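Chemist: entry08.cif is reproduced in full below (mmCIF, C-alpha atoms and all ligand atoms).
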data_upload
loop_
_atom_site.label_atom_id
_atom_site.label_comp_id
_atom_site.auth_asym_id
_atom_site.auth_seq_id
_atom_site.Cartn_x
_atom_site.Cartn_y
_atom_site.Cartn_z
CA MET L 1 -12.98 10.30 -11.84
CA GLN L 2 -9.87 12.33 -12.65
CA PRO L 3 -7.72 11.10 -15.55
CA PHE L 4 -4.11 10.36 -14.68
CA PRO L 5 -1.65 13.05 -15.73
CA PRO L 6 0.25 12.36 -18.94
CA HIS L 7 3.30 10.30 -18.13
CA ASN L 8 6.43 12.23 -18.93
CA LEU L 9 8.78 14.34 -16.89
CA THR L 10 7.05 17.57 -17.79
CA GLY L 11 3.52 16.11 -17.59
CA TRP L 12 3.55 14.99 -13.98
CA PRO L 13 2.32 17.79 -11.75
CA GLN L 14 5.64 19.27 -10.62
CA ALA L 15 4.36 20.51 -7.28
CA GLN L 16 2.95 17.08 -6.45
CA VAL L 17 6.20 15.31 -7.33
CA GLU L 18 8.27 17.80 -5.34
CA ARG L 19 6.01 17.48 -2.32
CA THR L 20 6.21 13.68 -2.44
CA PHE L 21 10.01 13.84 -2.85
CA GLY L 22 10.39 16.22 0.10
CA VAL L 23 8.20 14.29 2.54
CA PHE L 24 9.45 10.86 1.45
CA TYR L 25 13.15 11.58 1.90
CA THR L 26 12.72 13.38 5.22
CA THR L 27 10.89 10.44 6.80
CA VAL L 28 13.02 8.59 9.33
CA ARG L 29 13.66 4.94 8.48
CA ALA L 30 12.97 3.56 11.97
CA GLY L 31 11.91 0.29 10.37
CA GLN L 32 15.55 -0.57 9.75
CA ALA L 33 15.39 -2.06 13.26
CA GLY L 34 13.61 -5.12 11.88
CA LEU L 35 12.89 -4.85 8.16
CA SER L 36 15.09 -6.57 5.61
CA ASP L 37 14.70 -3.64 3.22
CA GLY L 38 16.08 -1.17 5.77
CA GLY L 39 12.73 0.51 6.43
CA GLY L 40 11.36 3.74 5.02
CA PRO L 41 7.96 4.52 3.54
CA PHE L 42 6.71 1.74 1.23
CA GLY L 43 9.95 -0.19 1.66
CA PHE L 44 11.88 2.91 0.55
CA ASP L 45 10.46 2.72 -2.98
CA ILE L 46 9.37 6.22 -3.99
CA THR L 47 7.64 4.94 -7.11
CA VAL L 48 5.04 3.37 -4.83
CA ALA L 49 4.56 6.77 -3.18
CA LEU L 50 4.07 8.33 -6.64
CA LEU L 51 1.55 5.62 -7.45
CA VAL L 52 -0.31 6.40 -4.22
CA ASP L 53 -0.47 10.08 -5.27
CA ASP L 54 -2.15 8.98 -8.47
CA LEU L 55 -4.54 6.55 -6.81
CA LEU L 56 -5.70 9.08 -4.23
CA SER L 57 -6.43 11.67 -6.92
CA ALA L 58 -7.95 9.33 -9.48
CA PHE L 59 -10.29 7.64 -6.99
CA GLU L 60 -10.91 10.82 -4.98
CA CYS L 61 -10.17 8.88 -1.82
CA ASP L 62 -11.58 10.11 1.47
CA ALA L 63 -9.36 8.05 3.81
CA ILE L 64 -6.21 5.97 3.96
CA VAL L 65 -5.77 2.71 5.87
CA GLU L 66 -2.45 1.00 6.53
CA THR L 67 -2.54 -2.46 8.06
CA GLY L 68 0.58 -3.49 9.96
CA CYS L 69 2.30 -0.19 10.74
CA TYR L 70 5.35 -1.68 12.54
CA LEU L 71 7.38 1.39 13.65
CA GLY L 72 5.37 3.82 11.58
CA ASP L 73 7.62 4.74 8.62
CA THR L 74 4.80 4.56 6.08
CA THR L 75 2.21 5.93 8.53
CA ASP L 76 4.44 8.91 9.27
CA TYR L 77 4.94 9.55 5.56
CA LEU L 78 1.22 9.28 4.76
CA ALA L 79 0.08 11.48 7.65
CA HIS L 80 2.54 14.23 6.68
CA ARG L 81 2.01 13.93 2.95
CA TYR L 82 -1.80 13.98 3.12
CA PRO L 83 -2.71 16.21 6.09
CA ASP L 84 -6.29 16.61 4.85
CA LEU L 85 -7.04 12.88 4.86
CA PRO L 86 -7.59 10.65 7.89
CA VAL L 87 -4.84 8.03 8.07
CA HIS L 88 -5.90 4.95 10.03
CA ALA L 89 -3.14 2.50 10.88
CA CYS L 90 -3.01 -0.55 13.10
CA ASP L 91 -0.69 -3.21 14.36
CA ILE L 92 -1.32 -6.33 16.38
CA THR L 93 1.76 -5.73 18.53
CA GLN L 94 1.18 -3.19 21.28
CA ALA L 95 4.83 -2.09 21.37
CA HIS L 96 4.69 -1.18 17.66
CA VAL L 97 1.51 0.81 18.23
CA ALA L 98 2.96 2.64 21.24
CA PHE L 99 6.08 3.59 19.28
CA THR L 100 4.12 4.76 16.22
CA ARG L 101 1.61 6.70 18.34
CA GLN L 102 4.42 8.52 20.09
CA ARG L 103 6.11 9.21 16.78
CA LEU L 104 2.94 10.71 15.33
CA ALA L 105 1.76 12.59 18.42
CA GLY L 106 0.52 15.99 17.35
CA LEU L 107 -0.63 14.89 13.90
CA SER L 108 -4.39 15.16 14.22
CA ASN L 109 -5.12 13.13 11.06
CA ALA L 110 -3.18 10.06 12.25
CA HIS L 111 -5.10 7.37 14.14
CA VAL L 112 -3.07 4.37 15.30
CA THR L 113 -4.75 1.45 17.05
CA CYS L 114 -3.80 -1.97 18.35
CA LEU L 115 -6.11 -4.22 16.37
CA ASP L 116 -6.25 -7.37 14.30
CA SER L 117 -6.13 -5.73 10.88
CA PRO L 118 -9.37 -7.10 9.35
CA LEU L 119 -11.26 -5.25 12.09
CA LEU L 120 -9.69 -1.93 11.11
CA VAL L 121 -10.37 -2.65 7.45
CA ALA L 122 -14.04 -3.42 8.17
CA ARG L 123 -14.46 -0.27 10.27
CA ALA L 124 -12.90 1.96 7.62
CA ASN L 125 -14.91 0.25 4.91
CA ALA L 126 -18.10 1.12 6.80
CA ALA L 127 -17.06 4.66 7.73
CA HIS L 128 -15.67 5.93 4.43
CA GLN L 129 -16.76 5.82 0.81
CA ARG L 130 -13.48 5.54 -1.11
CA THR L 131 -10.68 4.35 1.10
CA LEU L 132 -7.17 3.59 -0.11
CA PHE L 133 -6.14 0.40 1.69
CA PHE L 134 -2.40 -0.27 1.99
CA LEU L 135 -2.27 -3.90 3.14
CA ASP L 136 1.04 -4.74 4.80
CA ALA L 137 0.13 -6.79 7.90
CA HIS L 138 2.11 -9.99 8.15
CA TRP L 139 4.76 -11.83 10.20
CA ALA L 140 2.31 -13.30 12.75
CA PRO L 141 1.39 -17.00 12.36
CA ASP L 142 -2.11 -15.97 11.25
CA TRP L 143 -1.62 -14.03 8.01
CA PRO L 144 -4.64 -11.69 7.78
CA LEU L 145 -4.55 -10.76 4.08
CA GLU L 146 -7.45 -12.97 2.98
CA ARG L 147 -9.64 -11.70 5.83
CA GLU L 148 -8.65 -8.11 5.03
CA LEU L 149 -9.64 -8.50 1.38
CA ALA L 150 -12.92 -10.16 2.33
CA ALA L 151 -13.80 -7.14 4.51
CA ILE L 152 -13.57 -4.62 1.66
CA THR L 153 -16.66 -3.85 -0.37
CA ARG L 154 -15.51 -0.53 -1.80
CA GLY L 155 -12.03 0.93 -2.15
CA VAL L 156 -8.73 0.88 -3.94
CA VAL L 157 -6.29 -1.68 -2.60
CA LEU L 158 -2.50 -1.76 -2.64
CA ILE L 159 -0.99 -5.06 -1.50
CA HIS L 160 2.65 -5.00 -0.44
CA ASP L 161 5.12 -7.88 -0.91
CA PHE L 162 3.10 -9.31 -3.82
CA ASP L 163 4.60 -11.63 -6.41
CA VAL L 164 4.79 -9.60 -9.63
CA GLY L 165 6.71 -12.27 -11.49
CA HIS L 166 9.93 -10.30 -11.85
CA PRO L 167 13.24 -11.29 -10.18
CA ARG L 168 13.99 -7.77 -8.91
CA PHE L 169 10.89 -7.72 -6.72
CA GLY L 170 10.44 -9.69 -3.50
CA TYR L 171 7.23 -11.17 -2.14
CA ASP L 172 6.03 -13.12 0.85
CA THR L 173 5.00 -16.73 1.22
CA TYR L 174 3.02 -18.20 4.11
CA GLY L 175 3.08 -21.95 4.33
CA ASP L 176 2.59 -22.96 0.73
CA LEU L 177 0.57 -19.85 -0.16
CA VAL L 178 2.41 -17.17 -2.10
CA CYS L 179 1.29 -13.55 -1.73
CA GLY L 180 0.26 -13.38 -5.37
CA PRO L 181 -2.64 -14.05 -7.70
CA GLN L 182 -3.52 -17.24 -5.80
CA VAL L 183 -4.58 -15.10 -2.84
CA LEU L 184 -6.79 -12.92 -5.04
CA ALA L 185 -8.40 -16.04 -6.50
CA ARG L 186 -9.50 -17.00 -2.98
CA MET L 187 -11.43 -13.74 -2.48
CA PRO L 188 -15.21 -14.11 -2.03
CA ASP L 189 -15.68 -12.24 -5.31
CA PRO L 190 -12.34 -12.43 -7.15
CA PRO L 191 -11.52 -9.55 -9.49
CA GLU L 192 -11.17 -10.31 -13.20
CA VAL L 193 -8.09 -8.13 -13.35
CA TYR L 194 -5.51 -6.60 -11.08
CA PHE L 195 -2.58 -4.32 -11.81
CA THR L 196 1.16 -4.32 -11.14
CA PRO L 197 3.72 -1.60 -11.86
CA ASP L 198 5.67 -2.11 -15.08
CA PRO L 199 9.29 -2.70 -13.96
CA GLN L 200 10.47 -0.73 -17.01
CA ALA L 201 8.17 2.25 -16.35
CA ASP L 202 9.73 5.68 -16.47
CA TRP L 203 8.58 7.28 -13.22
CA PRO L 204 9.42 10.95 -12.67
CA LEU L 205 11.71 9.97 -9.76
CA PRO L 206 14.03 6.97 -9.55
CA CYS L 207 13.71 4.28 -6.89
CA LEU L 208 16.79 4.53 -4.64
CA GLN L 209 16.15 1.22 -2.88
CA THR L 210 19.22 -0.83 -3.80
CA GLY L 211 18.34 -3.72 -1.48
CA ARG L 212 15.16 -5.74 -1.33
CA ARG L 213 12.42 -4.14 -3.39
CA ALA L 214 8.87 -5.33 -2.72
CA GLY L 215 6.36 -6.15 -5.43
CA VAL L 216 2.96 -4.50 -5.19
CA ALA L 217 -0.46 -5.19 -6.68
CA VAL L 218 -3.36 -2.79 -7.07
CA LEU L 219 -7.03 -3.60 -7.43
CA ALA L 220 -10.28 -1.71 -7.31
CA ILE L 221 -13.10 -3.26 -5.31
CA GLY L 222 -16.60 -1.92 -5.94
CA LEU L 223 -15.16 0.95 -7.97
CA ASP L 224 -14.60 1.47 -11.69
CA ASP L 225 -11.06 0.37 -12.52
CA GLU L 226 -10.81 2.40 -15.74
CA ALA L 227 -8.29 4.73 -14.10
CA LEU L 228 -6.02 1.76 -13.40
CA CYS L 229 -6.38 0.37 -16.94
CA SER L 230 -5.23 3.70 -18.35
CA HIS L 231 -2.34 4.30 -15.95
CA PRO L 232 0.89 4.54 -17.97
CA CYS L 233 3.01 2.71 -15.37
CA LEU L 234 0.63 -0.16 -14.59
CA THR L 235 0.25 -3.49 -16.37
CA THR L 236 -3.17 -5.12 -16.45
CA ARG L 237 -3.10 -8.74 -15.24
CA HIS L 238 -5.93 -11.14 -15.96
CA LEU L 239 -6.39 -13.17 -12.81
CA LYS L 240 -7.42 -16.46 -14.45
CA GLU L 241 -4.31 -16.38 -16.66
CA GLU L 242 -1.99 -15.42 -13.79
CA VAL L 243 -3.09 -18.18 -11.43
CA HIS L 244 -2.28 -20.80 -14.10
CA ARG L 245 1.04 -19.26 -15.11
C1 LIG P 301 6.29 -5.66 7.38
S1 LIG P 301 5.73 -5.00 8.87
C2 LIG P 301 4.91 -3.53 8.32
C3 LIG P 301 5.80 -2.41 7.85
C4 LIG P 301 5.11 -1.08 7.75
N1 LIG P 301 3.88 -1.17 6.99
C5 LIG P 301 6.01 -0.04 7.11
O1 LIG P 301 5.76 0.34 5.96
O2 LIG P 301 6.98 0.34 7.76
C6 LIG P 301 4.35 -6.02 9.27
C7 LIG P 301 3.63 -5.63 10.55
O3 LIG P 301 2.36 -6.30 10.53
C8 LIG P 301 2.00 -6.56 11.87
N2 LIG P 301 0.91 -7.55 11.89
C9 LIG P 301 0.99 -8.89 11.69
N3 LIG P 301 -0.23 -9.46 11.76
C10 LIG P 301 -1.11 -8.46 12.01
C11 LIG P 301 -2.52 -8.41 12.18
N4 LIG P 301 -3.29 -9.50 12.11
N5 LIG P 301 -3.08 -7.20 12.42
C12 LIG P 301 -2.33 -6.08 12.49
N6 LIG P 301 -0.99 -6.08 12.34
C13 LIG P 301 -0.38 -7.24 12.10
C14 LIG P 301 3.30 -6.99 12.51
O4 LIG P 301 3.27 -6.85 13.91
C15 LIG P 301 4.32 -6.04 11.82
O5 LIG P 301 4.54 -4.90 12.62
#
Mind turning this structure into structure tokens?
Ligand SMILES: C[S@@+](CC[C@H](N)C(=O)[O-])C[C@H]1O[C@@H](n2cnc3c(N)ncnc32)[C@H](O)[C@@H]1O

Modeler:
Amino acid sequence: MQPFPPHNLTGWPQAQVERTFGVFYTTVRAGQAGLSDGGGPFGFDITVALLVDDLLSAFECDAIVETGCYLGDTTDYLAHRYPDLPVHACDITQAHVAFTRQRLAGLSNAHVTCLDSPLLVARANAAHQRTLFFLDAHWAPDWPLERELAAITRGVVLIHDFDVGHPRFGYDTYGDLVCGPQVLARMPDPPEVYFTPDPQADWPLPCLQTGRRAGVAVLAIGLDDEALCSHPCLTTRHLKEEVHR
């Protein structure tokens, strides 16, 4: 596994940061049609894109999955940013899939399907060895996150709209279940630890999202999480402590 680059402005691979910057800020924010954060890749938080750069390199991922693509802002970003990786995205709403497919027509690495997300997760989990799963499917009455997590036996997982316990970062709640450590505790084999970005971390690019900023959590399933423990911008969270906080 590759070590993360040293965390300072001169230590981050300059070409990687510039490439992420260029693709991120040229991606159309079509999601503004219905997203409270105004749309854009990863809720218009470039630090999440930088984190994804690190995760893909450190875990040597061979595929990317996005569940719940909506109008394709993140799918578009991922397919352009990582042309050598297959990017599998799905949505349960046919109109969202049709729009995203049209938007990404011509990008041979982008595969957009109309599916209940746990099915896509299970297929990718079977087809690839080290998938990066970006889990962002919600809004429908049946929230699929628990079923998505249960379908993963091997991969690195990034959960969007997760409660990171900081007032600047938003999260989702379904019924009385918060998208937070309680959901991880309900996994068939709950992880001992998960990781959240340190809100004070000094990323090489600033987040320009001035509106709603989503919390994210990262966990490794069936893979060594040493690379996450040593990441300079991530905080290690012990699940048993977090669920009782
Ligand atoms: C917050 S939006 C996703 C935003 C998108 N990931 C982005 O970055 O622009 C959530 C999407 O999840 C979809 N969704 C809800 N339940 C789903 C399910 N079971 N399977 C697939 N998609 C689902 C919704 O239709 C909606 O388009």

Chemist: List the neighbours of range 145-149 of chain L out to 12 Å using all atoms listed in the file; skip same-chain residues closer than 3 positions along the sequence, and give me the result as a PyMOL selection string.

Modeler: chain L and resi 65-68+116-125+133-142+152-162+172-174+177-191+218-221

Chemist: Nearest to ligand LIG 301 (chain P): which of L:Asp224, L:Asp176, L:Glu192, L:Asp91 is it, counting all atoms listed in the file?

Modeler: L:Asp91

Chemist: Applying 9 Å and all atoms listed in the file, which residues near Thr20 in chain L remain after dropping the ones on its own chain fewer than 2 positions away? List them as a ChimeraX atom specification.

Modeler: /L:15-18,22-25,46,49-50,53,81

Chemist: Please list as a PyMOL selection string every residue within 10 Å of Gly43 in chain L, counting all atoms listed in the file and excluding residues in the same chain fewer than 2 positions away.

Modeler: chain L and resi 29+31-32+35-41+45-46+48+73-74+160-161+209+211-215

Chemist: Taking into account only C-alpha atoms and all ligand atoms, which residue in the set L:Thr26, L:Ile64, L:Trp143, L:Phe21 is nearest to ligand LIG 301 (chain P)?

Modeler: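 The answer is L:Trp143, which sits nearest to ligand LIG 301 (chain P).
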
Chemist: Give the answer as one residue: which of L:Val87, L:Cys114, L:Cys61, L:Leu55 has the shortest atom-to-atom distance to ligand LIG 301 (chain P), using only C-alpha atoms and all ligand atoms?

Modeler: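 Smallest distance to ligand LIG 301 (chain P) is found for L:Cys114.
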
Chemist: Find the residues near His166 in chain L: any atom within 9 Å, counting only C-alpha atoms, skip ones fewer than 3 places away on the same chain, and give them as a list in words.

Modeler: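 Result of the neighbour search: Asp163, Phe169, Gly170, Pro199 and Gly215 of chain L.
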
Chemist: Could you tell me how far CA of Ala79 in chain L sits from atom C11 of ligand LIG 301 (chain P), in Å to one decimal place?

Modeler: 20.6 Å

Chemist: Find, counting all atoms listed in the file, the residue in L:Asp76, L:Asp198, L:Glu242, L:Glu226 that gets nearest to ligand LIG 301 (chain P).

Modeler: L:Asp76

Chemist: Could you tell me how far CA of Thr131 in chain L lies from CA of Asp54 in chain L, in Å and to one decimal?

Modeler: 13.6 Å

Chemist: Please, which residues are within 10 Å of (-1.1, 13.1, 9.8) by the file's coordinates, counting only C-alpha atoms, and could they come as a compact mmCIF listing (two decimals) with C-alpha atoms, keeping the file's coordinate frame?

Modeler:
# COMPACT_ATOMS: atom_id res chain seq x y z
CA THR L 75 2.21 5.93 8.53
CA ASP L 76 4.44 8.91 9.27
CA TYR L 77 4.94 9.55 5.56
CA LEU L 78 1.22 9.28 4.76
CA ALA L 79 0.08 11.48 7.65
CA HIS L 80 2.54 14.23 6.68
CA ARG L 81 2.01 13.93 2.95
CA TYR L 82 -1.80 13.98 3.12
CA PRO L 83 -2.71 16.21 6.09
CA ASP L 84 -6.29 16.61 4.85
CA LEU L 85 -7.04 12.88 4.86
CA PRO L 86 -7.59 10.65 7.89
CA VAL L 87 -4.84 8.03 8.07
CA HIS L 88 -5.90 4.95 10.03
CA LEU L 104 2.94 10.71 15.33
CA ALA L 105 1.76 12.59 18.42
CA GLY L 106 0.52 15.99 17.35
CA LEU L 107 -0.63 14.89 13.90
CA SER L 108 -4.39 15.16 14.22
CA ASN L 109 -5.12 13.13 11.06
CA ALA L 110 -3.18 10.06 12.25
CA HIS L 111 -5.10 7.37 14.14

Chemist: Using only C-alpha atoms, determine which residues lie at most 10 Å from Val97 in chain L, disregarding the query and same-chain residues fewer than 4 positions distant; provide the list as a list in words.

Modeler: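 With the cut-off at 10 Å, the set is Gly68, Cys69, Tyr70, Leu71, Gly72, Ala89, Cys90, Asp91, Ile92, Thr93, Arg101, Gln102, Arg103, Val112, Thr113, Cys114 and Leu115 of chain L.
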